[in-house]
Amino acid sequence: MKESRYFYVPDAAHQTELPPDEAMHAMRVLRLKGGDEMYLMDGTGCYYRAQVTIAATHHCYYEIREQMAQERQWQGRIHLAIAPTKMLDRIEWMLEKATEIGVDEVSFVNCKFSERRILKTVRLEKIVVSAMKQSHKAWKPVVNEMIPYRRFLEESQKGHKFIAHCYDEIPRADFFDELRAIYKLSEPQDVTVLVGPEGDFSIDEVRLAIEAGYQPVHLGESRLRTETAGLTAVMMMQLARK
């Protein structure tokens, strides 16, 4: 059975041509030709069955044959805010896997002990799109630019807010237990969790988050690397909904 080809086309219903990157893949790698069938994803909850109408060297035009609205796989938003690692490939790996597992939004924060102060999201967006297509996610996760930690706390986050840290002197609840309790509520629940850099948040940053309404939690008994902690938190937010 031939595998379906998926392409990311924002506002696909009102376009007639694949974006340049997608067109290049369709033409040079998959070698699509006129009459071939493909599926488009608009990143906002809809698939489209389409047919190639014109296949040129750098362009791929299409005609939509069927619009297929998708049902969300989970209710409520999953938002991970994390301090990026010094080695960018580790945060790229985490973002790819988090997209496959299921996340709605990822924010990057600049903390006191952060090892990376600058982050360009262009490549990260491409990684998210690739993972979205591979895992057939109908909604593309939002990837936010890196901002200062205090600014992130000042911006209003909806729903339940948590900060995962490792300080024994500040009591912490079990994140998974807290999630299971709130997901029992009848209405869809939005959840934001903060994960710090390799050296953890400073203790003052933890206290600032608590003052801003964040509940301190831990992710289990093991001490985790930043990218592992971020992925673990996303997995917990998905598993607790079952």
# chains A, B, ... in the order shown; residues from 1 in each chain; ligands from 1
>>> residues_around(residues="Tyr183 of chain A", least_positions_apart="5", cutoff="10 Å", atoms="only C-alpha atoms", output="PyMOL selection string")
chain A and resi 75-76+178+188-191+237+240-242
>>> closest_atom_pairs(of="segment 137-185 of chain A", to="segment 202-211 of chain A", cutoff="12 Å", atoms="only C-alpha atoms", output="JSON lines")
{"residue": "A:Pro148", "atom": "CA", "partner": "A:Glu205", "partner_atom": "CA", "distance": 11.5}
{"residue": "A:Tyr149", "atom": "CA", "partner": "A:Glu205", "partner_atom": "CA", "distance": 8.2}
{"residue": "A:Arg150", "atom": "CA", "partner": "A:Leu208", "partner_atom": "CA", "distance": 8.2}
{"residue": "A:Arg151", "atom": "CA", "partner": "A:Ala209", "partner_atom": "CA", "distance": 11.2}
{"residue": "A:Phe152", "atom": "CA", "partner": "A:Ala209", "partner_atom": "CA", "distance": 9.8}
{"residue": "A:Leu153", "atom": "CA", "partner": "A:Ala209", "partner_atom": "CA", "distance": 6.6}
{"residue": "A:Glu154", "atom": "CA", "partner": "A:Ala209", "partner_atom": "CA", "distance": 9.5}
{"residue": "A:Glu155", "atom": "CA", "partner": "A:Ala209", "partner_atom": "CA", "distance": 11.7}
{"residue": "A:Gln157", "atom": "CA", "partner": "A:Ala209", "partner_atom": "CA", "distance": 11.9}
{"residue": "A:Lys161", "atom": "CA", "partner": "A:Ala209", "partner_atom": "CA", "distance": 9.2}
{"residue": "A:Phe162", "atom": "CA", "partner": "A:Ala209", "partner_atom": "CA", "distance": 8.5}
{"residue": "A:Ile163", "atom": "CA", "partner": "A:Ala209", "partner_atom": "CA", "distance": 7.2}
{"residue": "A:Ala164", "atom": "CA", "partner": "A:Val206", "partner_atom": "CA", "distance": 8.8}
{"residue": "A:His165", "atom": "CA", "partner": "A:Val206", "partner_atom": "CA", "distance": 7.4}
{"residue": "A:Cys166", "atom": "CA", "partner": "A:Ile203", "partner_atom": "CA", "distance": 9.4}
{"residue": "A:Tyr167", "atom": "CA", "partner": "A:Ile203", "partner_atom": "CA", "distance": 7.4}
{"residue": "A:Asp168", "atom": "CA", "partner": "A:Ile203", "partner_atom": "CA", "distance": 10.5}
{"residue": "A:Glu169", "atom": "CA", "partner": "A:Ile203", "partner_atom": "CA", "distance": 9.4}
{"residue": "A:Ile170", "atom": "CA", "partner": "A:Val206", "partner_atom": "CA", "distance": 8.7}
{"residue": "A:Pro171", "atom": "CA", "partner": "A:Val206", "partner_atom": "CA", "distance": 11.2}
{"residue": "A:Arg172", "atom": "CA", "partner": "A:Val206", "partner_atom": "CA", "distance": 11.1}
>>> closest_residue(among="A:Glu115, A:Glu100, A:Asp21, A:Asp174", to="His59 of chain A", atoms="only C-alpha atoms")
A:Asp21
>>> closest_residue(among="A:Ala83, A:Gly199, A:Val122, A:Asp104", to="Met146 of chain A", atoms="only C-alpha atoms")
A:Ala83
>>> closest_residue(among="A:Tyr8, A:Tyr214, A:Tyr62, A:Phe113", to="Asp36 of chain A", atoms="only C-alpha atoms")
A:Tyr62
>>> atom_distance(atom1="atom CA of Met41 of chain A", atom2="atom CA of Ala13 of chain A")
9.8 Å
>>> select_by_dssp(residues="chain A", states="helix (DSSP H, G or I)", output="ChimeraX atom specification")
/A:12-14,20-29,88-101,122-134,149-154,175-183,203-211,226-239
>>> closest_residue(among="A:Lys140, A:Gly34, A:Thr228, A:Thr192", to="Pro216 of chain A", atoms="only C-alpha atoms")
A:Thr192
>>> atom_distance(atom1="atom CA of Met132 of chain A", atom2="atom CA of Asp89 of chain A")
18.1 Å
>>> atom_distance(atom1="atom CA of Ala181 of chain A", atom2="atom CA of Lys158 of chain A")
17.5 Å
>>> select_by_dssp(residues="segment 71-235 of chain A", states="strand (DSSP E)", output="PyMOL selection string")
chain A and resi 78-82+105-110+142-148+160-164+173-174+191-195+215-218
>>> closest_residue(among="A:Arg5, A:Arg90, A:Lys120, A:His79", to="His136 of chain A", atoms="only C-alpha atoms")
A:Arg5
